[in-house]
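Below: entry_14.tsv (TSV, C-alpha atoms)
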```
chain	number	residue	atom	x	y	z
X	1	MET	CA	-29.95	-15.32	-38.31
X	2	ARG	CA	-31.81	-16.73	-35.33
X	3	ARG	CA	-31.38	-15.19	-31.90
X	4	TYR	CA	-29.04	-16.96	-29.48
X	5	ASN	CA	-29.23	-17.32	-25.75
X	6	PRO	CA	-26.44	-15.41	-23.90
X	7	PHE	CA	-25.31	-18.76	-22.48
X	8	TYR	CA	-24.34	-19.77	-26.02
X	9	PHE	CA	-21.50	-17.23	-26.00
X	10	ILE	CA	-20.39	-18.24	-22.50
X	11	LEU	CA	-20.38	-21.91	-23.51
X	12	GLU	CA	-18.31	-21.15	-26.60
X	13	ALA	CA	-15.83	-19.20	-24.47
X	14	LEU	CA	-15.53	-22.08	-21.98
X	15	LYS	CA	-14.98	-24.58	-24.79
X	16	SER	CA	-12.21	-22.41	-26.22
X	17	LEU	CA	-10.54	-22.03	-22.82
X	18	LYS	CA	-10.61	-25.80	-22.33
X	19	ARG	CA	-9.30	-26.41	-25.86
X	20	ASN	CA	-6.28	-24.18	-25.18
X	21	GLY	CA	-5.76	-25.34	-21.62
X	22	VAL	CA	-2.02	-24.71	-21.34
X	23	MET	CA	-2.23	-21.12	-22.58
X	24	THR	CA	-5.32	-20.52	-20.47
X	25	PHE	CA	-3.43	-21.67	-17.39
X	26	ALA	CA	-0.48	-19.46	-18.33
X	27	SER	CA	-2.76	-16.45	-18.79
X	28	VAL	CA	-4.40	-16.95	-15.41
X	29	ALA	CA	-1.06	-17.55	-13.67
X	30	VAL	CA	0.66	-14.47	-15.10
X	31	LEU	CA	-2.31	-12.13	-14.59
X	32	MET	CA	-2.75	-13.54	-11.08
X	33	SER	CA	0.92	-12.76	-10.34
X	34	CYS	CA	0.39	-9.24	-11.60
X	35	LEU	CA	-2.65	-8.74	-9.37
X	36	VAL	CA	-0.90	-10.21	-6.32
X	37	VAL	CA	1.98	-7.76	-6.80
X	38	ILE	CA	-0.47	-4.88	-7.25
X	39	GLY	CA	-2.43	-5.89	-4.14
X	40	GLY	CA	0.66	-6.50	-2.01
X	41	PHE	CA	2.35	-3.23	-2.93
X	42	SER	CA	-0.91	-1.32	-2.54
X	43	LEU	CA	-1.39	-2.63	1.01
X	44	LEU	CA	2.25	-1.86	1.83
X	45	VAL	CA	1.92	1.73	0.57
X	46	TYR	CA	-1.39	2.16	2.43
X	47	ASN	CA	0.17	0.94	5.68
X	48	ILE	CA	3.11	3.31	5.18
X	49	ASP	CA	0.65	6.18	4.67
X	50	VAL	CA	-1.22	5.30	7.87
X	51	ASN	CA	2.01	5.17	9.88
X	52	LEU	CA	3.16	8.46	8.36
X	53	GLU	CA	-0.12	10.01	9.49
X	54	ASN	CA	0.51	8.65	12.99
X	55	PHE	CA	3.92	10.27	12.99
X	56	GLY	CA	2.23	13.43	11.78
X	57	VAL	CA	-0.16	13.28	14.72
X	58	MET	CA	2.86	12.89	17.01
X	59	ASN	CA	4.40	16.08	15.65
X	60	LYS	CA	6.54	16.64	18.70
X	61	ILE	CA	10.11	17.53	19.55
X	62	GLU	CA	11.53	16.43	22.90
X	63	VAL	CA	13.79	19.09	24.45
X	64	PHE	CA	16.09	18.11	27.35
X	65	SER	CA	17.45	20.69	29.79
X	66	ASN	CA	20.88	20.77	31.40
X	67	PHE	CA	21.31	18.29	34.27
X	68	ASP	CA	22.00	21.01	36.83
X	69	ALA	CA	19.26	23.41	35.69
X	70	GLY	CA	17.49	25.15	38.59
X	71	ALA	CA	13.81	26.09	38.85
X	72	GLY	CA	14.40	29.62	37.57
X	73	GLU	CA	16.38	28.42	34.56
X	74	LEU	CA	13.70	25.85	33.72
X	75	GLU	CA	10.94	28.46	33.89
X	76	ALA	CA	12.96	30.80	31.64
X	77	LEU	CA	13.59	27.96	29.17
X	78	GLU	CA	9.89	27.12	29.01
X	79	ARG	CA	9.02	30.78	28.35
X	80	ASP	CA	11.61	30.97	25.57
X	81	ILE	CA	10.24	27.81	23.94
X	82	ARG	CA	6.65	29.07	24.08
X	83	ALA	CA	7.75	32.35	22.46
X	84	LEU	CA	8.90	30.63	19.26
X	85	ASP	CA	6.63	31.05	16.22
X	86	ASN	CA	6.08	27.43	15.24
X	87	VAL	CA	5.29	26.19	18.76
X	88	GLU	CA	1.70	25.17	19.46
X	89	GLU	CA	2.01	23.55	22.89
X	90	VAL	CA	4.70	22.82	25.50
X	91	THR	CA	4.49	20.13	28.18
X	92	HIS	CA	7.07	20.22	30.97
X	93	THR	CA	8.06	16.91	32.59
X	94	THR	CA	10.35	17.04	35.62
X	95	LYS	CA	13.21	14.61	36.03
X	96	ALA	CA	11.41	13.11	39.05
X	97	GLU	CA	8.35	12.42	36.91
X	98	ARG	CA	10.50	10.89	34.18
X	99	LEU	CA	12.22	8.63	36.72
X	100	ALA	CA	8.86	7.55	38.14
X	101	ALA	CA	7.64	6.65	34.66
X	102	ILE	CA	10.77	4.59	33.98
X	103	LYS	CA	10.44	2.77	37.32
X	104	LYS	CA	6.88	1.89	36.42
X	105	ASP	CA	7.97	0.23	33.17
X	106	TYR	CA	11.33	-1.25	34.20
X	107	ASP	CA	11.90	-3.03	37.53
X	108	ALA	CA	15.69	-2.68	37.22
X	109	TYR	CA	15.47	1.05	38.05
X	110	GLU	CA	13.43	0.70	41.27
X	111	ASP	CA	16.47	1.14	43.54
X	112	ILE	CA	17.42	4.55	42.09
X	113	THR	CA	16.61	7.36	44.51
X	114	ASP	CA	15.71	10.93	43.63
X	115	GLU	CA	19.19	12.03	44.74
X	116	GLU	CA	20.76	9.52	42.31
X	117	ASN	CA	18.41	10.50	39.49
X	118	PRO	CA	20.56	10.58	36.28
X	119	LEU	CA	17.85	12.26	34.18
X	120	SER	CA	17.07	15.88	33.37
X	121	ASP	CA	13.83	17.81	32.93
X	122	SER	CA	12.27	17.65	29.48
X	123	PHE	CA	9.84	19.72	27.43
X	124	GLU	CA	7.57	18.10	24.86
X	125	VAL	CA	7.12	20.67	22.10
X	126	THR	CA	4.20	20.28	19.70
X	127	TYR	CA	4.77	22.21	16.49
X	128	LYS	CA	2.27	23.66	14.00
X	129	ASP	CA	3.93	23.45	10.57
X	130	ASN	CA	5.95	20.41	9.41
X	131	LYS	CA	7.71	22.49	6.76
X	132	LYS	CA	9.25	24.74	9.39
X	133	VAL	CA	10.56	21.94	11.61
X	134	PRO	CA	14.26	22.34	10.64
X	135	GLU	CA	14.06	26.06	11.46
X	136	LEU	CA	12.35	25.35	14.81
X	137	GLU	CA	14.93	22.69	15.63
X	138	MET	CA	17.75	25.17	15.05
X	139	GLN	CA	16.05	27.80	17.21
X	140	LEU	CA	15.58	25.32	20.06
X	141	LYS	CA	19.24	24.26	19.97
X	142	GLN	CA	20.28	27.89	20.37
X	143	LEU	CA	18.25	28.45	23.55
X	144	ASN	CA	20.09	28.71	26.86
X	145	GLY	CA	19.71	25.61	29.03
X	146	VAL	CA	19.08	23.15	26.18
X	147	ARG	CA	21.28	20.04	26.44
X	148	LYS	CA	19.87	18.05	23.51
X	149	LEU	CA	16.66	17.35	21.65
X	150	THR	CA	15.07	14.45	19.79
X	151	ASN	CA	12.81	14.78	16.82
X	152	ARG	CA	10.56	12.25	15.04
X	153	TYR	CA	10.57	14.37	11.89
X	154	ASP	CA	13.74	12.71	10.56
X	155	LEU	CA	12.20	9.28	11.03
X	156	ALA	CA	9.05	10.39	9.22
X	157	LYS	CA	11.19	11.67	6.34
X	158	LYS	CA	13.00	8.33	6.11
X	159	ILE	CA	9.67	6.50	6.00
X	160	GLU	CA	8.45	8.91	3.31
X	161	ASN	CA	11.58	8.23	1.23
X	162	PHE	CA	11.08	4.49	1.72
X	163	LYS	CA	7.49	4.88	0.57
X	164	ASN	CA	8.59	6.73	-2.59
X	165	THR	CA	11.12	3.97	-3.35
X	166	VAL	CA	8.44	1.30	-2.87
X	167	MET	CA	6.10	3.23	-5.17
X	168	MET	CA	8.77	3.42	-7.89
X	169	ILE	CA	9.46	-0.33	-7.66
X	170	PHE	CA	5.71	-0.96	-7.61
X	171	LEU	CA	5.15	1.04	-10.80
X	172	TRP	CA	7.91	-0.78	-12.68
X	173	PHE	CA	6.64	-4.19	-11.54
X	174	LEU	CA	3.14	-3.16	-12.52
X	175	ILE	CA	4.14	-2.04	-16.02
X	176	ILE	CA	6.25	-5.14	-16.68
X	177	LEU	CA	3.68	-7.62	-15.38
X	178	PHE	CA	0.82	-5.82	-17.12
X	179	VAL	CA	2.64	-6.04	-20.47
X	180	VAL	CA	3.48	-9.72	-19.86
X	181	SER	CA	-0.16	-10.42	-18.88
X	182	LEU	CA	-1.45	-8.76	-22.05
X	183	PHE	CA	1.08	-10.70	-24.15
X	184	ILE	CA	-0.01	-14.05	-22.70
X	185	ILE	CA	-3.73	-13.25	-23.01
X	186	VAL	CA	-3.27	-12.01	-26.58
X	187	ASN	CA	-1.56	-15.27	-27.53
X	188	THR	CA	-4.22	-17.34	-25.77
X	189	ILE	CA	-6.99	-15.62	-27.77
X	190	LYS	CA	-4.94	-15.91	-30.97
X	191	LEU	CA	-4.72	-19.67	-30.46
X	192	ALA	CA	-8.47	-19.79	-30.03
X	193	LEU	CA	-8.90	-17.74	-33.20
X	194	SER	CA	-6.55	-20.05	-35.12
X	195	SER	CA	-8.37	-23.19	-33.99
X	196	ARG	CA	-11.69	-21.69	-35.08
X	197	LYS	CA	-10.45	-19.93	-38.22
X	198	ARG	CA	-12.46	-22.15	-40.57
X	199	GLU	CA	-15.60	-21.78	-38.46
X	200	ILE	CA	-15.17	-17.99	-38.31
X	201	GLU	CA	-14.79	-17.78	-42.10
X	202	ILE	CA	-18.02	-19.74	-42.59
X	203	MET	CA	-19.88	-17.49	-40.12
X	204	ARG	CA	-18.63	-14.39	-41.92
X	205	TYR	CA	-19.64	-15.92	-45.26
X	206	VAL	CA	-23.23	-16.54	-44.13
X	207	GLY	CA	-23.51	-12.98	-42.79
X	208	ALA	CA	-22.75	-13.26	-39.06
X	209	SER	CA	-22.06	-9.87	-37.51
X	210	LYS	CA	-18.67	-8.96	-36.09
X	211	TRP	CA	-19.98	-8.75	-32.53
X	212	PHE	CA	-21.52	-12.23	-32.82
X	213	ILE	CA	-18.17	-13.68	-33.86
X	214	THR	CA	-15.99	-11.76	-31.42
X	215	LEU	CA	-18.16	-11.81	-28.29
X	216	PRO	CA	-17.05	-15.34	-27.19
X	217	PHE	CA	-13.41	-14.22	-27.36
X	218	ILE	CA	-14.12	-11.13	-25.28
X	219	ILE	CA	-15.90	-13.36	-22.74
X	220	GLU	CA	-12.76	-15.52	-22.69
X	221	GLY	CA	-10.73	-12.49	-21.63
X	222	VAL	CA	-13.35	-11.59	-19.01
X	223	LEU	CA	-13.30	-15.11	-17.57
X	224	ILE	CA	-9.49	-15.17	-17.44
X	225	GLY	CA	-9.50	-11.81	-15.68
X	226	ALA	CA	-12.25	-12.77	-13.23
X	227	VAL	CA	-10.68	-16.10	-12.24
X	228	SER	CA	-7.28	-14.46	-11.81
X	229	ALA	CA	-8.82	-11.70	-9.68
X	230	VAL	CA	-10.63	-14.05	-7.29
X	231	ILE	CA	-7.56	-16.26	-6.77
X	232	SER	CA	-5.35	-13.18	-6.28
X	233	PHE	CA	-7.72	-11.72	-3.70
X	234	PHE	CA	-7.57	-14.82	-1.50
X	235	ILE	CA	-3.77	-15.09	-1.87
X	236	VAL	CA	-3.24	-11.44	-0.87
X	237	LYS	CA	-5.77	-11.64	1.97
X	238	GLY	CA	-4.18	-14.81	3.37
X	239	ALA	CA	-0.62	-13.53	3.01
X	240	TYR	CA	-1.52	-10.24	4.68
X	241	SER	CA	-3.08	-12.07	7.64
X	242	VAL	CA	0.05	-14.22	8.05
X	243	VAL	CA	2.36	-11.18	7.90
X	244	THR	CA	0.35	-9.21	10.47
X	245	ARG	CA	0.34	-12.20	12.85
X	246	GLN	CA	4.09	-12.71	12.43
X	247	MET	CA	4.77	-9.07	13.30
X	248	GLY	CA	3.50	-9.73	16.83
X	249	ASP	CA	4.79	-7.16	19.32
X	250	MET	CA	5.92	-4.82	16.53
X	251	THR	CA	2.30	-3.73	16.16
X	252	GLN	CA	2.84	-1.65	19.32
X	253	VAL	CA	5.23	0.52	17.32
X	254	ILE	CA	3.99	0.03	13.75
X	255	THR	CA	0.30	0.29	12.94
X	256	THR	CA	-1.06	-2.46	10.69
X	257	VAL	CA	-4.38	-1.76	9.00
X	258	ASN	CA	-7.25	-4.19	9.46
X	259	ILE	CA	-8.38	-4.81	5.87
X	260	SER	CA	-11.47	-6.89	6.74
X	261	PRO	CA	-13.88	-3.92	6.36
X	262	TYR	CA	-12.40	-3.32	2.90
X	263	ASN	CA	-12.61	-6.90	1.60
X	264	THR	CA	-15.47	-6.14	-0.79
X	265	LEU	CA	-13.75	-3.03	-2.12
X	266	ILE	CA	-10.44	-4.87	-2.60
X	267	LEU	CA	-12.17	-7.76	-4.41
X	268	LEU	CA	-14.00	-5.32	-6.69
X	269	GLY	CA	-10.71	-3.60	-7.42
X	270	PHE	CA	-9.08	-6.92	-8.36
X	271	LEU	CA	-12.06	-7.83	-10.54
X	272	GLY	CA	-12.02	-4.45	-12.26
X	273	ILE	CA	-8.30	-4.62	-13.09
X	274	GLY	CA	-8.42	-8.31	-14.06
X	275	ILE	CA	-11.49	-8.06	-16.29
X	276	LEU	CA	-10.27	-4.85	-17.94
X	277	THR	CA	-6.92	-6.49	-18.70
X	278	GLY	CA	-8.68	-9.53	-20.14
X	279	ILE	CA	-10.92	-7.40	-22.36
X	280	ILE	CA	-8.00	-5.30	-23.63
X	281	GLY	CA	-6.02	-8.46	-24.41
X	282	SER	CA	-8.98	-9.94	-26.26
X	283	LEU	CA	-9.61	-6.78	-28.29
X	284	ILE	CA	-5.96	-6.59	-29.30
X	285	SER	CA	-6.10	-10.21	-30.47
X	286	ILE	CA	-9.24	-9.87	-32.55
X	287	ALA	CA	-8.55	-6.35	-33.88
X	288	LYS	CA	-7.24	-7.76	-37.16
X	289	HIS	CA	-10.33	-9.94	-37.63
X	290	LEU	CA	-12.65	-7.03	-36.83
X	291	ASN	CA	-11.12	-4.99	-39.64
X	292	THR	CA	-11.21	-7.65	-42.32
```

Can you turn what I pasted into C-alpha coordinates?
Amino acid sequence: MRRYNPFYFILEALKSLKRNGVMTFASVAVLMSCLVVIGGFSLLVYNIDVNLENFGVMNKIEVFSNFDAGAGELEALERDIRALDNVEEVTHTTKAERLAAIKKDYDAYEDITDEENPLSDSFEVTYKDNKKVPELEMQLKQLNGVRKLTNRYDLAKKIENFKNTVMMIFLWFLIILFVVSLFIIVNTIKLALSSRKREIEIMRYVGASKWFITLPFIIEGVLIGAVSAVISFFIVKGAYSVVTRQMGDMTQVITTVNISPYNTLILLGFLGIGILTGIIGSLISIAKHLNT
(Lines of atoms letter the chains of each structure in order from A and count residues from 1; the text may use other names and numbers.)
(Lines give C-alpha, C1' and ligand atoms only; values in the text may rest on other atoms or scores of the structure.)
Protein backbone atom coordinates (compact mmCIF):
# COMPACT_ATOMS: atom_id res chain seq x y z
CA MET A 1 0.00 0.00 0.00
CA ARG A 2 1.12 3.56 -0.59
CA ARG A 3 2.55 5.61 2.26
CA TYR A 4 0.23 8.12 3.93
CA ASN A 5 0.98 11.49 5.41
CA PRO A 6 0.56 11.60 9.23
CA PHE A 7 -2.10 14.27 8.72
CA TYR A 8 -4.25 11.61 7.04
CA PHE A 9 -4.71 9.84 10.38
CA ILE A 10 -5.40 13.10 12.22
CA LEU A 11 -7.98 14.09 9.60
CA GLU A 12 -9.70 10.72 9.89
CA ALA A 13 -9.81 11.09 13.68
CA LEU A 14 -11.31 14.59 13.40
CA LYS A 15 -13.94 13.37 10.94
CA SER A 16 -14.91 10.56 13.32
CA LEU A 17 -15.14 12.94 16.29
CA LYS A 18 -17.39 15.26 14.28
CA ARG A 19 -19.53 12.35 13.06
CA ASN A 20 -20.18 11.25 16.67
CA GLY A 21 -20.50 14.75 18.06
CA VAL A 22 -22.80 13.99 21.00
CA MET A 23 -20.62 11.18 22.35
CA THR A 24 -17.49 13.22 21.70
CA PHE A 25 -18.94 16.06 23.77
CA ALA A 26 -19.91 13.62 26.52
CA SER A 27 -16.40 12.13 26.55
CA VAL A 28 -14.76 15.54 26.84
CA ALA A 29 -17.22 16.71 29.52
CA VAL A 30 -16.83 13.64 31.74
CA LEU A 31 -13.04 13.44 31.41
CA MET A 32 -12.83 17.19 32.00
CA SER A 33 -14.87 16.76 35.21
CA CYS A 34 -12.51 14.02 36.30
CA LEU A 35 -9.46 16.21 35.69
CA VAL A 36 -11.02 19.20 37.46
CA VAL A 37 -11.67 17.05 40.53
CA ILE A 38 -8.12 15.66 40.39
CA GLY A 39 -6.64 19.15 40.04
CA GLY A 40 -8.83 20.70 42.73
CA PHE A 41 -8.19 17.98 45.29
CA SER A 42 -4.47 17.93 44.46
CA LEU A 43 -4.17 21.68 45.12
CA LEU A 44 -6.18 21.33 48.34
CA VAL A 45 -3.92 18.52 49.60
CA TYR A 46 -0.80 20.48 48.59
CA ASN A 47 -2.00 23.55 50.48
CA ILE A 48 -2.76 21.41 53.53
CA ASP A 49 0.77 19.98 53.35
CA VAL A 50 2.29 23.47 53.17
CA ASN A 51 0.28 24.64 56.18
CA LEU A 52 1.21 21.50 58.11
CA GLU A 53 4.86 22.27 57.42
CA ASN A 54 4.30 25.80 58.74
CA PHE A 55 2.83 24.36 61.91
CA GLY A 56 5.82 22.06 62.05
CA VAL A 57 8.15 25.06 61.83
CA MET A 58 6.18 26.64 64.69
CA ASN A 59 6.79 23.60 66.89
CA LYS A 60 6.24 25.51 70.09
CA ILE A 61 4.37 25.13 73.36
CA GLU A 62 3.37 28.26 75.27
CA VAL A 63 3.75 27.83 79.05
CA PHE A 64 2.08 30.36 81.38
CA SER A 65 3.26 30.87 84.95
CA ASN A 66 1.15 31.57 88.02
CA PHE A 67 -0.12 35.16 88.25
CA ASP A 68 1.69 35.84 91.53
CA ALA A 69 4.99 34.17 90.59
CA GLY A 70 8.05 36.06 91.85
CA ALA A 71 11.41 36.48 90.13
CA GLY A 72 12.95 33.51 91.94
CA GLU A 73 10.05 31.22 91.07
CA LEU A 74 10.20 32.28 87.42
CA GLU A 75 13.94 31.62 87.22
CA ALA A 76 13.45 28.17 88.80
CA LEU A 77 10.62 27.40 86.37
CA GLU A 78 12.77 28.35 83.38
CA ARG A 79 15.61 26.12 84.63
CA ASP A 80 13.20 23.21 85.07
CA ILE A 81 11.83 23.66 81.55
CA ARG A 82 15.31 23.80 80.00
CA ALA A 83 16.24 20.58 81.85
CA LEU A 84 13.57 18.53 80.04
CA ASP A 85 14.84 16.16 77.33
CA ASN A 86 12.72 17.25 74.39
CA VAL A 87 13.28 21.00 74.87
CA GLU A 88 15.43 22.75 72.27
CA GLU A 89 14.92 26.41 73.20
CA VAL A 90 13.06 28.49 75.79
CA THR A 91 12.08 32.14 75.39
CA HIS A 92 10.87 34.00 78.48
CA THR A 93 8.38 36.84 77.99
CA THR A 94 7.45 38.92 81.03
CA LYS A 95 3.88 39.97 81.68
CA ALA A 96 4.92 43.61 81.11
CA GLU A 97 6.26 42.70 77.67
CA ARG A 98 3.09 40.77 76.85
CA LEU A 99 0.93 43.74 77.89
CA ALA A 100 3.04 46.10 75.77
CA ALA A 101 2.58 43.82 72.75
CA ILE A 102 -1.18 43.72 73.26
CA LYS A 103 -1.36 47.52 73.61
CA LYS A 104 0.49 47.84 70.34
CA ASP A 105 -2.10 45.74 68.51
CA TYR A 106 -5.29 46.74 70.34
CA ASP A 107 -6.10 50.34 71.30
CA ALA A 108 -8.73 49.22 73.82
CA TYR A 109 -6.00 48.08 76.25
CA GLU A 110 -4.01 51.35 76.28
CA ASP A 111 -5.47 52.49 79.62
CA ILE A 112 -4.31 49.38 81.52
CA THR A 113 -1.37 50.17 83.80
CA ASP A 114 1.38 47.79 84.87
CA GLU A 115 -0.23 47.54 88.31
CA GLU A 116 -3.53 46.47 86.70
CA ASN A 117 -1.81 44.02 84.36
CA PRO A 118 -4.05 40.88 84.25
CA LEU A 119 -1.44 38.75 82.44
CA SER A 120 1.27 36.38 83.64
CA ASP A 121 4.78 35.63 82.45
CA SER A 122 5.06 33.08 79.66
CA PHE A 123 7.72 30.75 78.28
CA GLU A 124 7.78 29.80 74.61
CA VAL A 125 9.15 26.26 74.47
CA THR A 126 10.52 24.95 71.17
CA TYR A 127 10.62 21.17 71.11
CA LYS A 128 12.83 18.79 69.11
CA ASP A 129 10.71 15.70 68.40
CA ASN A 130 7.03 15.87 67.39
CA LYS A 131 6.47 12.27 68.45
CA LYS A 132 7.37 13.08 72.05
CA VAL A 133 5.10 16.13 72.36
CA PRO A 134 2.42 14.43 74.53
CA GLU A 135 5.13 13.30 76.96
CA LEU A 136 6.68 16.79 77.06
CA GLU A 137 3.26 18.36 77.60
CA MET A 138 2.64 16.10 80.59
CA GLN A 139 6.05 16.92 82.06
CA LEU A 140 5.44 20.67 81.70
CA LYS A 141 2.05 20.45 83.43
CA GLN A 142 3.69 18.78 86.41
CA LEU A 143 6.25 21.56 86.96
CA ASN A 144 5.81 23.89 89.92
CA GLY A 145 4.58 27.34 88.92
CA VAL A 146 2.84 26.29 85.70
CA ARG A 147 -0.71 27.67 85.45
CA LYS A 148 -1.60 26.45 81.95
CA LEU A 149 -0.10 25.82 78.54
CA THR A 150 -1.19 25.99 74.91
CA ASN A 151 0.02 23.72 72.19
CA ARG A 152 -0.33 23.90 68.38
CA TYR A 153 0.31 20.17 68.09
CA ASP A 154 -3.38 19.30 68.55
CA LEU A 155 -4.34 21.70 65.78
CA ALA A 156 -1.70 20.19 63.49
CA LYS A 157 -3.10 16.72 64.23
CA LYS A 158 -6.62 17.87 63.36
CA ILE A 159 -5.36 19.30 60.07
CA GLU A 160 -3.52 16.04 59.36
CA ASN A 161 -6.72 14.06 60.00
CA PHE A 162 -8.64 16.44 57.73
CA LYS A 163 -6.01 15.92 55.06
CA ASN A 164 -6.33 12.13 55.32
CA THR A 165 -10.13 12.41 55.00
CA VAL A 166 -9.76 14.64 51.93
CA MET A 167 -7.31 12.15 50.41
CA MET A 168 -9.75 9.27 50.94
CA ILE A 169 -12.61 11.22 49.31
CA PHE A 170 -10.25 12.26 46.52
CA LEU A 171 -9.26 8.66 45.78
CA TRP A 172 -12.88 7.49 45.60
CA PHE A 173 -13.87 10.40 43.34
CA LEU A 174 -10.85 9.69 41.19
CA ILE A 175 -11.65 5.99 40.79
CA ILE A 176 -15.33 6.60 40.05
CA LEU A 177 -14.74 9.41 37.56
CA PHE A 178 -11.87 7.55 35.89
CA VAL A 179 -14.09 4.51 35.33
CA VAL A 180 -16.93 6.71 34.02
CA SER A 181 -14.48 8.55 31.72
CA LEU A 182 -13.18 5.27 30.31
CA PHE A 183 -16.73 4.02 29.81
CA ILE A 184 -17.75 7.12 27.85
CA ILE A 185 -14.58 7.14 25.74
CA VAL A 186 -14.92 3.41 25.03
CA ASN A 187 -18.47 3.93 23.78
CA THR A 188 -17.44 6.94 21.70
CA ILE A 189 -14.75 4.90 19.92
CA LYS A 190 -17.15 1.97 19.53
CA LEU A 191 -19.61 4.24 17.74
CA ALA A 192 -16.83 5.35 15.43
CA LEU A 193 -15.91 1.71 14.81
CA SER A 194 -19.54 0.82 14.06
CA SER A 195 -19.96 3.69 11.60
CA ARG A 196 -16.80 2.61 9.78
CA LYS A 197 -17.28 -1.14 10.08
CA ARG A 198 -17.74 -1.66 6.34
CA GLU A 199 -14.73 0.51 5.53
CA ILE A 200 -12.59 -1.34 8.09
CA GLU A 201 -13.57 -4.72 6.62
CA ILE A 202 -12.56 -3.56 3.13
CA MET A 203 -9.21 -2.26 4.42
CA ARG A 204 -8.54 -5.57 6.17
CA TYR A 205 -9.52 -7.45 3.00
CA VAL A 206 -7.02 -5.52 0.84
CA GLY A 207 -4.24 -6.13 3.38
CA ALA A 208 -4.15 -2.98 5.53
CA SER A 209 -2.15 -3.49 8.71
CA LYS A 210 -3.74 -3.37 12.13
CA TRP A 211 -1.86 -0.22 13.14
CA PHE A 212 -3.01 1.56 9.96
CA ILE A 213 -6.63 0.80 10.80
CA THR A 214 -6.47 1.50 14.52
CA LEU A 215 -4.21 4.57 14.60
CA PRO A 216 -7.04 7.07 13.80
CA PHE A 217 -9.05 5.71 16.75
CA ILE A 218 -6.08 6.04 19.09
CA ILE A 219 -5.63 9.63 17.87
CA GLU A 220 -9.32 10.19 18.68
CA GLY A 221 -8.63 9.19 22.29
CA VAL A 222 -5.55 11.43 22.37
CA LEU A 223 -7.52 14.41 21.06
CA ILE A 224 -10.33 13.85 23.57
CA GLY A 225 -7.79 13.66 26.38
CA ALA A 226 -5.82 16.71 25.21
CA VAL A 227 -8.89 18.93 24.78
CA SER A 228 -10.25 17.86 28.16
CA ALA A 229 -6.88 18.55 29.80
CA VAL A 230 -6.52 22.08 28.41
CA ILE A 231 -10.08 23.07 29.38
CA SER A 232 -9.63 21.54 32.85
CA PHE A 233 -6.38 23.42 33.40
CA PHE A 234 -7.98 26.81 32.77
CA ILE A 235 -11.03 25.94 34.91
CA VAL A 236 -8.87 24.86 37.87
CA LYS A 237 -6.50 27.82 37.48
CA GLY A 238 -9.39 30.30 37.35
CA ALA A 239 -11.27 28.71 40.25
CA TYR A 240 -8.13 28.63 42.39
CA SER A 241 -7.50 32.34 41.74
CA VAL A 242 -11.08 33.19 42.73
CA VAL A 243 -10.88 31.12 45.93
CA THR A 244 -7.57 32.67 47.02
CA ARG A 245 -8.95 36.18 46.43
CA GLN A 246 -12.12 35.40 48.38
CA MET A 247 -10.10 34.19 51.36
CA GLY A 248 -8.81 37.74 51.86
CA ASP A 249 -7.56 38.31 55.41
CA MET A 250 -7.51 34.58 56.15
CA THR A 251 -4.23 34.37 54.25
CA GLN A 252 -2.60 35.90 57.33
CA VAL A 253 -3.41 32.69 59.19
CA ILE A 254 -3.61 30.14 56.36
CA THR A 255 -0.90 30.00 53.71
CA THR A 256 -2.16 29.72 50.13
CA VAL A 257 0.36 28.54 47.56
CA ASN A 258 1.01 30.67 44.49
CA ILE A 259 0.65 28.16 41.65
CA SER A 260 1.79 30.50 38.85
CA PRO A 261 5.38 29.11 38.82
CA TYR A 262 3.90 25.62 38.45
CA ASN A 263 1.48 26.36 35.60
CA THR A 264 3.54 24.47 33.01
CA LEU A 265 3.97 21.48 35.30
CA ILE A 266 0.25 21.40 36.15
CA LEU A 267 -0.72 21.64 32.47
CA LEU A 268 1.67 18.81 31.58
CA GLY A 269 0.18 16.73 34.37
CA PHE A 270 -3.33 17.31 33.05
CA LEU A 271 -2.22 16.47 29.52
CA GLY A 272 -0.46 13.31 30.68
CA ILE A 273 -3.49 12.02 32.59
CA GLY A 274 -5.98 13.07 29.90
CA ILE A 275 -4.05 11.62 26.96
CA LEU A 276 -3.26 8.39 28.82
CA THR A 277 -6.95 7.96 29.69
CA GLY A 278 -7.91 8.59 26.07
CA ILE A 279 -5.40 6.06 24.77
CA ILE A 280 -6.49 3.40 27.28
CA GLY A 281 -10.14 3.96 26.35
CA SER A 282 -9.32 3.68 22.66
CA LEU A 283 -7.28 0.49 23.10
CA ILE A 284 -10.07 -1.12 25.11
CA SER A 285 -12.55 -0.27 22.34
CA ILE A 286 -10.48 -1.62 19.47
CA ALA A 287 -9.03 -4.64 21.33
CA LYS A 288 -11.63 -6.95 19.77
CA HIS A 289 -10.85 -5.68 16.26
CA LEU A 290 -7.10 -6.05 16.82
CA ASN A 291 -7.55 -9.73 17.64
CA THR A 292 -9.78 -10.64 14.73

From X:Val227, X:Ala83, X:Val236, X:Ile280, residue lying nearest X:Asn263 [only C-alpha atoms]
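Distance minimum relative to X:Asn263 lands on X:Val236.
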
Atom CA of X:Asn66 and atom CA of X:Tyr106 are how many Å apart?
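So the answer is 24.2 Å.
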
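Using only C-alpha atoms, the smallest distance between any of X:Ile176, X:Gly274, X:Ile184, X:Arg147 and X:Ile231 comes from X:Gly274.
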
Given the point (5.1, 0.1, 4.8) in the coordinates of this file, which residues lie within 10 Å, counting only C-alpha atoms, and how would they look as a PyMOL selection string?
chain X and resi 41-52+159-160+162-163+166+254-256

Which of these, X:Ile266, X:Ile10, X:Leu174, X:Leu17, has the shortest distance to X:Leu215 once you count all atoms listed in the file?
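Among X:Ile266, X:Ile10, X:Leu174, X:Leu17, it is X:Ile10 that comes nearest to X:Leu215.
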
Go through X:Ala287, X:Ile279, X:Val133, X:Leu223 one by one, measure the shortest atom-to-atom distance of each to X:Ala13 using all atoms listed in the file, and give the residue with the smallest value.
X:Leu223

Give me, as a list in words, all polymer residues having an atom no more than 12 Å from X:Phe234, counting all atoms listed in the file and skipping those fewer than 5 positions away in the same chain.
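Neighbouring residues, sequence-local ones excluded: Met32, Leu35, Val36, Gly39, Gly40, Val227, Ser228, Ala229, Ala239, Tyr240, Ser241, Asn263, Thr264, Ile266, Leu267 and Phe270 of chain X.
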
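For stretch 92-102 of chain X, the non-local neighbours within 8 Å, defined as residues at least 4 positions apart in the same chain or in other chains and counting only C-alpha atoms, are Glu78, Tyr106, Tyr109, Asp114, Asn117, Leu119, Ser120, Asp121, Ser122, Phe123 and Glu124 of chain X.
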
For a quick check of understanding, using only C-alpha atoms, which of X:Phe170, X:Phe64, X:Asp129, X:Thr113 has the smallest distance to X:Ile38?
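That would be X:Phe170, the residue with the smallest distance to X:Ile38.
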
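You will find atom CA of X:Val87 at 15.4 Å from atom CA of X:Arg152.
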
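When all atoms listed in the file are used to compute distances to X:Leu136, the closest of the residues X:Lys103, X:Lys210, X:Lys157, X:Arg82 turns out to be X:Arg82.
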